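Undergrad: This is query-v8.pdb, which holds PDB, C-alpha atoms:
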```pdb
ATOM      1  CA  MET A 167      75.270  28.650 -48.168
ATOM      2  CA  GLY A 168      71.524  29.157 -48.589
ATOM      3  CA  THR A 169      68.786  26.933 -47.184
ATOM      4  CA  LYS A 170      68.149  25.224 -50.534
ATOM      5  CA  GLU A 171      71.824  24.431 -51.084
ATOM      6  CA  ARG A 172      72.200  23.122 -47.543
ATOM      7  CA  ARG A 173      69.200  20.839 -47.924
ATOM      8  CA  THR A 174      70.529  19.534 -51.236
ATOM      9  CA  ARG A 175      73.888  18.793 -49.662
ATOM     10  CA  GLU A 176      72.295  17.093 -46.665
ATOM     11  CA  ARG A 177      70.117  14.969 -48.935
ATOM     12  CA  GLN A 178      73.148  13.869 -50.937
ATOM     13  CA  GLU A 179      75.088  13.052 -47.779
ATOM     14  CA  THR A 180      72.180  10.960 -46.538
ATOM     15  CA  ARG A 181      71.985   9.058 -49.826
ATOM     16  CA  GLU A 182      75.715   8.348 -49.707
ATOM     17  CA  LYS A 183      75.406   7.125 -46.122
ATOM     18  CA  ILE A 184      72.609   4.757 -47.112
ATOM     19  CA  LEU A 185      74.545   3.503 -50.128
ATOM     20  CA  GLY A 186      77.706   2.944 -48.099
ATOM     21  CA  ALA A 187      75.864   0.930 -45.468
ATOM     22  CA  ALA A 188      73.991  -1.113 -48.060
ATOM     23  CA  ARG A 189      77.177  -1.852 -50.005
ATOM     24  CA  ASP A 190      78.957  -3.193 -46.923
ATOM     25  CA  MET A 191      75.956  -5.207 -45.787
ATOM     26  CA  PHE A 192      75.373  -6.771 -49.202
ATOM     27  CA  ALA A 193      79.041  -7.804 -49.356
ATOM     28  CA  ASN A 194      79.177  -9.069 -45.758
ATOM     29  CA  ASP A 195      75.774 -10.717 -45.344
ATOM     30  CA  GLY A 196      74.612 -11.401 -48.884
ATOM     31  CA  TYR A 197      72.040  -9.455 -50.866
ATOM     32  CA  ASP A 198      69.104 -11.722 -50.042
ATOM     33  CA  ALA A 199      69.726 -11.538 -46.289
ATOM     34  CA  VAL A 200      69.692  -7.731 -46.122
ATOM     35  CA  THR A 201      66.455  -5.812 -45.666
ATOM     36  CA  MET A 202      65.709  -2.128 -45.962
ATOM     37  CA  ARG A 203      64.849  -2.128 -42.262
ATOM     38  CA  ALA A 204      68.262  -3.619 -41.439
ATOM     39  CA  ILE A 205      69.994  -0.941 -43.487
ATOM     40  CA  ALA A 206      68.027   1.723 -41.636
ATOM     41  CA  GLU A 207      68.986   0.248 -38.280
ATOM     42  CA  LYS A 208      72.637   0.109 -39.329
ATOM     43  CA  ILE A 209      72.791   3.876 -39.817
ATOM     44  CA  GLU A 210      70.255   4.633 -37.070
ATOM     45  CA  TYR A 211      67.574   5.913 -39.429
ATOM     46  CA  THR A 212      63.926   4.990 -39.608
ATOM     47  CA  PRO A 213      62.793   2.767 -42.501
ATOM     48  CA  THR A 214      60.629   5.663 -43.640
ATOM     49  CA  ALA A 215      63.729   7.813 -44.082
ATOM     50  CA  ILE A 216      65.349   5.131 -46.257
ATOM     51  CA  TYR A 217      62.245   4.844 -48.457
ATOM     52  CA  HIS A 218      62.280   8.601 -48.892
ATOM     53  CA  HIS A 219      65.486   8.140 -50.916
ATOM     54  CA  PHE A 220      65.007   4.676 -52.477
ATOM     55  CA  ASP A 221      61.740   2.993 -53.413
ATOM     56  CA  ASN A 222      63.001  -0.504 -52.607
ATOM     57  CA  LYS A 223      66.102  -2.651 -52.294
ATOM     58  CA  GLN A 224      66.298  -3.182 -56.053
ATOM     59  CA  SER A 225      66.480   0.575 -56.705
ATOM     60  CA  LEU A 226      69.218   0.831 -54.097
ATOM     61  CA  LEU A 227      71.139  -1.978 -55.822
ATOM     62  CA  THR A 228      70.759  -0.272 -59.185
ATOM     63  CA  GLU A 229      72.152   3.008 -57.833
ATOM     64  CA  LEU A 230      75.148   1.198 -56.330
ATOM     65  CA  CYS A 231      75.911  -0.556 -59.613
ATOM     66  CA  LEU A 232      75.622   2.654 -61.608
ATOM     67  CA  CYS A 233      78.007   4.474 -59.269
ATOM     68  CA  ASP A 234      80.587   1.761 -58.621
ATOM     69  CA  PHE A 235      80.998   0.384 -62.135
ATOM     70  CA  GLN A 236      81.317   3.890 -63.547
ATOM     71  CA  GLY A 237      83.945   4.537 -60.893
ATOM     72  CA  LEU A 238      85.923   1.529 -62.107
ATOM     73  CA  ALA A 239      85.683   2.668 -65.734
ATOM     74  CA  ASP A 240      86.897   6.133 -64.759
ATOM     75  CA  HIS A 241      89.784   4.563 -62.856
ATOM     76  CA  PHE A 242      90.825   2.578 -65.942
ATOM     77  CA  ARG A 243      90.598   5.526 -68.292
ATOM     78  CA  GLY A 244      93.036   7.587 -66.287
ATOM     79  CA  ARG A 245      95.662   4.869 -65.867
ATOM     80  CA  ALA A 246      95.678   2.587 -68.906
ATOM     81  CA  MET A 247      96.361   4.814 -71.904
ATOM     82  CA  SER A 248      99.474   3.235 -73.473
ATOM     83  CA  SER A 249      99.478   3.168 -77.282
ATOM     84  CA  ASP A 250     100.941  -0.352 -77.187
ATOM     85  CA  PRO A 251      98.007  -2.789 -76.746
ATOM     86  CA  VAL A 252      99.976  -5.341 -74.705
ATOM     87  CA  GLU A 253     101.244  -2.663 -72.355
ATOM     88  CA  ARG A 254      97.691  -1.332 -72.151
ATOM     89  CA  ILE A 255      96.475  -4.781 -71.072
ATOM     90  CA  LYS A 256      99.117  -4.846 -68.332
ATOM     91  CA  ALA A 257      98.112  -1.347 -67.275
ATOM     92  CA  VAL A 258      94.476  -2.476 -67.005
ATOM     93  CA  GLY A 259      95.564  -5.286 -64.684
ATOM     94  CA  ARG A 260      97.520  -2.868 -62.513
ATOM     95  CA  ALA A 261      94.616  -0.400 -62.438
ATOM     96  CA  TYR A 262      92.183  -3.169 -61.489
ATOM     97  CA  LEU A 263      94.407  -4.217 -58.600
ATOM     98  CA  GLU A 264      94.830  -0.608 -57.489
ATOM     99  CA  PHE A 265      91.062  -0.123 -57.536
ATOM    100  CA  ALA A 266      90.632  -3.179 -55.293
ATOM    101  CA  GLU A 267      93.242  -1.853 -52.865
ATOM    102  CA  LYS A 268      91.800   1.661 -52.735
ATOM    103  CA  HIS A 269      88.135   0.677 -52.715
ATOM    104  CA  PRO A 270      87.834  -2.721 -50.995
ATOM    105  CA  SER A 271      84.139  -2.327 -50.146
ATOM    106  CA  GLN A 272      83.257  -1.495 -53.731
ATOM    107  CA  TYR A 273      85.389  -4.355 -55.017
ATOM    108  CA  ARG A 274      83.804  -6.934 -52.725
ATOM    109  CA  PHE A 275      80.326  -5.691 -53.633
ATOM    110  CA  MET A 276      81.004  -5.661 -57.377
ATOM    111  CA  PHE A 277      83.013  -8.856 -57.820
ATOM    112  CA  MET A 278      82.622 -11.040 -54.731
ATOM    113  CA  THR A 279      78.903 -10.798 -53.998
ATOM    114  CA  VAL A 280      76.112 -12.782 -55.648
ATOM    115  CA  LEU A 281      73.624 -10.163 -56.843
ATOM    116  CA  PRO A 282      70.428 -10.164 -58.909
ATOM    117  CA  HIS A 283      70.502  -8.296 -62.186
ATOM    118  CA  PRO A 284      70.089  -4.579 -61.483
ATOM    119  CA  GLU A 285      67.173  -2.936 -63.230
ATOM    120  CA  LEU A 286      69.208  -0.567 -65.365
ATOM    121  CA  PRO A 287      67.486   2.056 -67.537
ATOM    122  CA  ARG A 288      67.390   1.000 -71.195
ATOM    123  CA  GLU A 289      68.990   4.263 -72.274
ATOM    124  CA  TYR A 290      71.865   3.665 -69.874
ATOM    125  CA  VAL A 291      72.476   0.156 -71.209
ATOM    126  CA  GLU A 292      72.409   1.343 -74.818
ATOM    127  CA  GLU A 293      74.849   4.156 -74.087
ATOM    128  CA  THR A 294      77.185   2.252 -71.773
ATOM    129  CA  ARG A 295      77.498  -1.372 -72.836
ATOM    130  CA  GLY A 296      80.517  -1.804 -75.085
ATOM    131  CA  ASN A 297      81.585   1.822 -74.628
ATOM    132  CA  PRO A 298      85.088   1.843 -73.062
ATOM    133  CA  GLU A 299      84.430   5.311 -71.665
ATOM    134  CA  HIS A 300      81.869   3.800 -69.305
ATOM    135  CA  ASP A 301      82.313   0.016 -69.518
ATOM    136  CA  ALA A 302      85.481  -1.303 -67.843
ATOM    137  CA  TYR A 303      85.107  -4.746 -69.401
ATOM    138  CA  ALA A 304      84.827  -3.196 -72.867
ATOM    139  CA  PHE A 305      88.034  -1.271 -72.167
ATOM    140  CA  LEU A 306      89.922  -4.529 -71.511
ATOM    141  CA  SER A 307      88.278  -6.418 -74.369
ATOM    142  CA  GLN A 308      89.132  -3.679 -76.852
ATOM    143  CA  ALA A 309      92.753  -3.698 -75.712
ATOM    144  CA  CYS A 310      92.824  -7.464 -76.346
ATOM    145  CA  GLN A 311      91.260  -6.966 -79.771
ATOM    146  CA  ALA A 312      93.877  -4.324 -80.586
ATOM    147  CA  ALA A 313      96.625  -6.807 -79.706
ATOM    148  CA  ILE A 314      94.999  -9.420 -81.966
ATOM    149  CA  ASP A 315      94.697  -6.926 -84.811
ATOM    150  CA  ALA A 316      98.374  -6.002 -84.399
ATOM    151  CA  GLN A 317      99.242  -9.728 -84.609
ATOM    152  CA  ARG A 318     100.804  -9.690 -81.170
ATOM    153  CA  PHE A 319      99.080 -12.886 -79.982
ATOM    154  CA  ARG A 320      99.630 -16.427 -81.208
ATOM    155  CA  PRO A 321      97.452 -17.124 -84.284
ATOM    156  CA  GLU A 322      95.109 -19.511 -82.448
ATOM    157  CA  LEU A 323      94.206 -16.754 -79.989
ATOM    158  CA  ARG A 324      91.541 -14.918 -81.965
ATOM    159  CA  ASP A 325      88.763 -14.310 -79.441
ATOM    160  CA  ALA A 326      89.231 -11.025 -77.593
ATOM    161  CA  ASP A 327      86.533 -11.804 -75.049
ATOM    162  CA  GLN A 328      88.040 -15.162 -74.162
ATOM    163  CA  ILE A 329      91.488 -13.604 -73.694
ATOM    164  CA  ALA A 330      90.007 -10.777 -71.628
ATOM    165  CA  GLN A 331      88.151 -13.199 -69.378
ATOM    166  CA  ILE A 332      91.251 -15.356 -68.812
ATOM    167  CA  LEU A 333      93.325 -12.334 -67.845
ATOM    168  CA  TRP A 334      90.562 -10.785 -65.726
ATOM    169  CA  GLY A 335      89.898 -14.046 -63.908
ATOM    170  CA  SER A 336      93.578 -14.524 -63.130
ATOM    171  CA  VAL A 337      94.055 -11.100 -61.548
ATOM    172  CA  HIS A 338      90.728 -11.369 -59.742
ATOM    173  CA  GLY A 339      91.749 -14.740 -58.315
ATOM    174  CA  LEU A 340      94.832 -13.269 -56.673
ATOM    175  CA  ILE A 341      92.863 -10.352 -55.257
ATOM    176  CA  ALA A 342      90.015 -12.524 -53.974
ATOM    177  CA  LEU A 343      92.403 -14.947 -52.269
ATOM    178  CA  ARG A 344      94.093 -12.097 -50.492
ATOM    179  CA  ILE A 345      90.817 -10.522 -49.385
ATOM    180  CA  VAL A 346      89.420 -13.802 -48.062
ATOM    181  CA  LYS A 347      92.625 -15.254 -46.623
ATOM    182  CA  ASN A 348      94.669 -12.177 -45.776
ATOM    183  CA  HIS A 349      94.788 -12.995 -42.065
ATOM    184  CA  ASP A 350      95.561 -16.668 -42.612
ATOM    185  CA  SER A 351      99.103 -17.055 -41.235
ATOM    186  CA  TRP A 352      99.266 -20.603 -42.617
ATOM    187  CA  VAL A 353     100.167 -19.199 -46.050
ATOM    188  CA  PRO A 354     103.369 -17.149 -46.410
ATOM    189  CA  TRP A 355     101.779 -14.489 -48.621
ATOM    190  CA  HIS A 356     104.001 -12.636 -51.070
ATOM    191  CA  ASP A 357     103.523  -9.014 -52.052
ATOM    192  CA  LEU A 358     100.269  -8.858 -54.022
ATOM    193  CA  ARG A 359     101.479  -6.390 -56.619
ATOM    194  CA  GLU A 360     104.660  -8.354 -57.287
ATOM    195  CA  SER A 361     102.691 -11.581 -57.649
ATOM    196  CA  ALA A 362     100.179  -9.943 -59.993
ATOM    197  CA  GLU A 363     102.954  -8.490 -62.139
ATOM    198  CA  LEU A 364     104.698 -11.866 -62.389
ATOM    199  CA  MET A 365     101.438 -13.599 -63.258
ATOM    200  CA  MET A 366     100.533 -11.090 -65.985
ATOM    201  CA  ASP A 367     104.002 -11.297 -67.502
ATOM    202  CA  SER A 368     103.902 -15.103 -67.473
ATOM    203  CA  LEU A 369     100.411 -15.334 -68.983
ATOM    204  CA  LEU A 370     101.082 -12.786 -71.685
ATOM    205  CA  ARG A 371     104.442 -14.314 -72.547
ATOM    206  CA  GLY A 372     102.641 -17.578 -73.218
ATOM    207  CA  MET A 373     100.071 -15.805 -75.410
ATOM    208  CA  LEU A 374     102.401 -13.652 -77.479
ATOM    209  CA  ARG A 375     103.850 -14.655 -80.823
ATOM    210  CA  GLU A 376     107.558 -15.224 -81.049
ATOM    211  CA  PRO A 377     109.359 -12.153 -82.381
ATOM    212  CA  GLY A 378     109.459 -12.037 -86.174
ATOM    213  CA  LYS A 379     106.644 -14.570 -86.653
ATOM    214  CA  LYS A 380     103.809 -12.264 -87.656
ATOM    215  CA  SER A 381     101.659 -13.486 -90.517
TER     216      SER A 381
END
```
Translate this structure into structure tokens?

TA:
Amino acid sequence: MGTKERRTRERQETREKILGAARDMFANDGYDAVTMRAIAEKIEYTPTAIYHHFDNKQSLLTELCLCDFQGLADHFRGRAMSSDPVERIKAVGRAYLEFAEKHPSQYRFMFMTVLPHPELPREYVEETRGNPEHDAYAFLSQACQAAIDAQRFRPELRDADQIAQILWGSVHGLIALRIVKNHDSWVPWHDLRESAELMMDSLLRGMLREPGKKS
């Protein structure tokens, strides 16, 4: 490996170290309470070294959002490809839970931390928002719309976004409870995946039309 390649690799490793520390600190301490100096101290760098990679805390937040939300979209795309829209919705729920289990720091940062709006490039927003290849929420919403179009849901359920948000919130609630209260021996916790599967089946059963009643 040449000098240029080694420096490029070292720079990337440093950026990832900064991002990892910032992600954990934002989730643990809250975005407003974390400073660039504190991040530097966490990884034993000087503040100057941090600013060499990120102009400010907002740019660091933006980079984290770009990376982590794309990672979630990629995770969905590889695991929720059923041609049946209802099965695809269930697969999204399973993939979401698996993402939380495999990437707990990312999950807590993305969905359990109060954050300001990241300053995303306009071109990125135009390309990404609503595109299921890059937008995990759009992936779920489009699966819900496909189920509506196929007349799989009860006739009063016509809003794909509302259905998506109900289903998303339900799975997220189970995950968040377990993350926050996992060490609470007061509650006899059941297996998270089994509980999530039962919840999704129960919710969807209540939403689906009775067989033979399409119109």

Undergrad: Give me, please, the distance in Å between CA of Asp198 (chain A) and CA of Tyr273 (chain A), quoted to one decimal.

TA: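 That distance, rounded to one decimal, is 18.6 Å.
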
Undergrad: Go through A:Glu293, A:Leu306, A:Ala199, A:Glu267 and flag the residue nearest Ala326 (chain A), using only C-alpha atoms for the distances.

TA: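 Checking each candidate against Ala326 (chain A), we get A:Leu306 as the closest.
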
Undergrad: Step by step, work through what the PyMOL selection byres ((chain A and resi 335-350) around 10) selects in the shown file, and finish by giving those residues as a ChimeraX atom specification.

TA: /A:259-260,262-263,266-267,270,273-274,277-278,329-334,351-356,358-359,361-363,365-366,369

Undergrad: For the selection just defined, write its residues with C-alpha atoms to a file, as a short mmCIF file (atom, residue, chain, number, x, y, z; two decimals), in the coordinates of the input.

TA:
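Just written: part.cif:
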```cif
data_model
loop_
_atom_site.label_atom_id
_atom_site.label_comp_id
_atom_site.auth_asym_id
_atom_site.auth_seq_id
_atom_site.Cartn_x
_atom_site.Cartn_y
_atom_site.Cartn_z
CA GLY A 259 95.56 -5.29 -64.68
CA ARG A 260 97.52 -2.87 -62.51
CA TYR A 262 92.18 -3.17 -61.49
CA LEU A 263 94.41 -4.22 -58.60
CA ALA A 266 90.63 -3.18 -55.29
CA GLU A 267 93.24 -1.85 -52.86
CA PRO A 270 87.83 -2.72 -51.00
CA TYR A 273 85.39 -4.36 -55.02
CA ARG A 274 83.80 -6.93 -52.72
CA PHE A 277 83.01 -8.86 -57.82
CA MET A 278 82.62 -11.04 -54.73
CA ILE A 329 91.49 -13.60 -73.69
CA ALA A 330 90.01 -10.78 -71.63
CA GLN A 331 88.15 -13.20 -69.38
CA ILE A 332 91.25 -15.36 -68.81
CA LEU A 333 93.32 -12.33 -67.84
CA TRP A 334 90.56 -10.78 -65.73
CA SER A 351 99.10 -17.06 -41.24
CA TRP A 352 99.27 -20.60 -42.62
CA VAL A 353 100.17 -19.20 -46.05
CA PRO A 354 103.37 -17.15 -46.41
CA TRP A 355 101.78 -14.49 -48.62
CA HIS A 356 104.00 -12.64 -51.07
CA LEU A 358 100.27 -8.86 -54.02
CA ARG A 359 101.48 -6.39 -56.62
CA SER A 361 102.69 -11.58 -57.65
CA ALA A 362 100.18 -9.94 -59.99
CA GLU A 363 102.95 -8.49 -62.14
CA MET A 365 101.44 -13.60 -63.26
CA MET A 366 100.53 -11.09 -65.98
CA LEU A 369 100.41 -15.33 -68.98
#
```

Undergrad: Rank A:Ser368, A:Val200, A:His219, A:Leu227 by their smallest atom-to-atom distance to Met276 (chain A), using only C-alpha atoms, and report the top residue only.

TA: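 Distance minimum relative to Met276 (chain A) lands on A:Leu227.
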
Undergrad: Could you tell me which of A:Phe275, A:Tyr290, A:Phe319, A:Phe242 comes closest to Ala304 (chain A) if we count all atoms listed in the file?

TA: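 Going through A:Phe275, A:Tyr290, A:Phe319, A:Phe242 one by one, the smallest distance to Ala304 (chain A) is for A:Phe242.
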
Undergrad: If the PyMOL selection byres ((chain A and resi 215) around 12) were run on this exact file, what residues would it hold? Put them as a list in words.

TA: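 Checked against the file, the PyMOL selection byres ((chain A and resi 215) around 12) matches Arg177, Thr180, Arg181, Lys183, Ile184, Met202, Arg203, Ile205, Ala206, Glu207, Ile209, Glu210, Tyr211, Thr212, Pro213, Thr214, Ile216, Tyr217, His218, His219, Phe220, Asp221 and Asn222 of chain A.
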
Undergrad: Limited to C-alpha atoms, could you put the picked residues into a file as a compact mmCIF listing (two decimals), keeping the file's coordinate frame?

TA:
```txt
# COMPACT_ATOMS: atom_id res chain seq x y z
CA ARG A 177 70.12 14.97 -48.94
CA THR A 180 72.18 10.96 -46.54
CA ARG A 181 71.98 9.06 -49.83
CA LYS A 183 75.41 7.12 -46.12
CA ILE A 184 72.61 4.76 -47.11
CA MET A 202 65.71 -2.13 -45.96
CA ARG A 203 64.85 -2.13 -42.26
CA ILE A 205 69.99 -0.94 -43.49
CA ALA A 206 68.03 1.72 -41.64
CA GLU A 207 68.99 0.25 -38.28
CA ILE A 209 72.79 3.88 -39.82
CA GLU A 210 70.26 4.63 -37.07
CA TYR A 211 67.57 5.91 -39.43
CA THR A 212 63.93 4.99 -39.61
CA PRO A 213 62.79 2.77 -42.50
CA THR A 214 60.63 5.66 -43.64
CA ILE A 216 65.35 5.13 -46.26
CA TYR A 217 62.24 4.84 -48.46
CA HIS A 218 62.28 8.60 -48.89
CA HIS A 219 65.49 8.14 -50.92
CA PHE A 220 65.01 4.68 -52.48
CA ASP A 221 61.74 2.99 -53.41
CA ASN A 222 63.00 -0.50 -52.61
```

Undergrad: Can you translate the PyMOL selection byres ((chain A and resi 239) around 9) into the concrete residues it hits in this file, as a list in words?

TA: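 Selection result, ordered by chain and number: Asp234, Phe235, Gln236, Gly237, Leu238, Asp240, His241, Phe242, Arg243, Gly244, Pro298, Glu299, His300, Asp301, Ala302, Tyr303 and Phe305 of chain A.
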
Undergrad: Filtering to C-alpha atoms, could you give me those residues as a PDB file, in the coordinates of the input?

TA:
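See part-v8.pdb below for the written result:
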```pdb
ATOM      1  CA  ASP A 234      80.587   1.761 -58.621  1.00  0.00           C
ATOM      2  CA  PHE A 235      80.998   0.384 -62.135  1.00  0.00           C
ATOM      3  CA  GLN A 236      81.317   3.890 -63.547  1.00  0.00           C
ATOM      4  CA  GLY A 237      83.945   4.537 -60.893  1.00  0.00           C
ATOM      5  CA  LEU A 238      85.923   1.529 -62.107  1.00  0.00           C
ATOM      6  CA  ASP A 240      86.897   6.133 -64.759  1.00  0.00           C
ATOM      7  CA  HIS A 241      89.784   4.563 -62.856  1.00  0.00           C
ATOM      8  CA  PHE A 242      90.825   2.578 -65.942  1.00  0.00           C
ATOM      9  CA  ARG A 243      90.598   5.526 -68.292  1.00  0.00           C
ATOM     10  CA  GLY A 244      93.036   7.587 -66.287  1.00  0.00           C
ATOM     11  CA  PRO A 298      85.088   1.843 -73.062  1.00  0.00           C
ATOM     12  CA  GLU A 299      84.430   5.311 -71.665  1.00  0.00           C
ATOM     13  CA  HIS A 300      81.869   3.800 -69.305  1.00  0.00           C
ATOM     14  CA  ASP A 301      82.313   0.016 -69.518  1.00  0.00           C
ATOM     15  CA  ALA A 302      85.481  -1.303 -67.843  1.00  0.00           C
ATOM     16  CA  TYR A 303      85.107  -4.746 -69.401  1.00  0.00           C
ATOM     17  CA  PHE A 305      88.034  -1.271 -72.167  1.00  0.00           C
TER      18      PHE A 305
END
```

Undergrad: Which of these, A:Ser271, A:Ser225, A:Gln308, A:Gln317, has the shortest distance to Glu285 (chain A) once you count all atoms listed in the file?

TA: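 Ranked by minimum distance to Glu285 (chain A), first place goes to A:Ser225.
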
Undergrad: Name the closest residue to Met191 (chain A) among the candidates A:Gly168, A:Asp357, A:Thr174, A:Thr279; distances are taken between atoms, counting only C-alpha atoms.

TA: A:Thr279

Undergrad: Please compute the CA of Gln328 (chain A)-CA of Gln311 (chain A) distance, one decimal, in Å.

TA: 10.4 Å
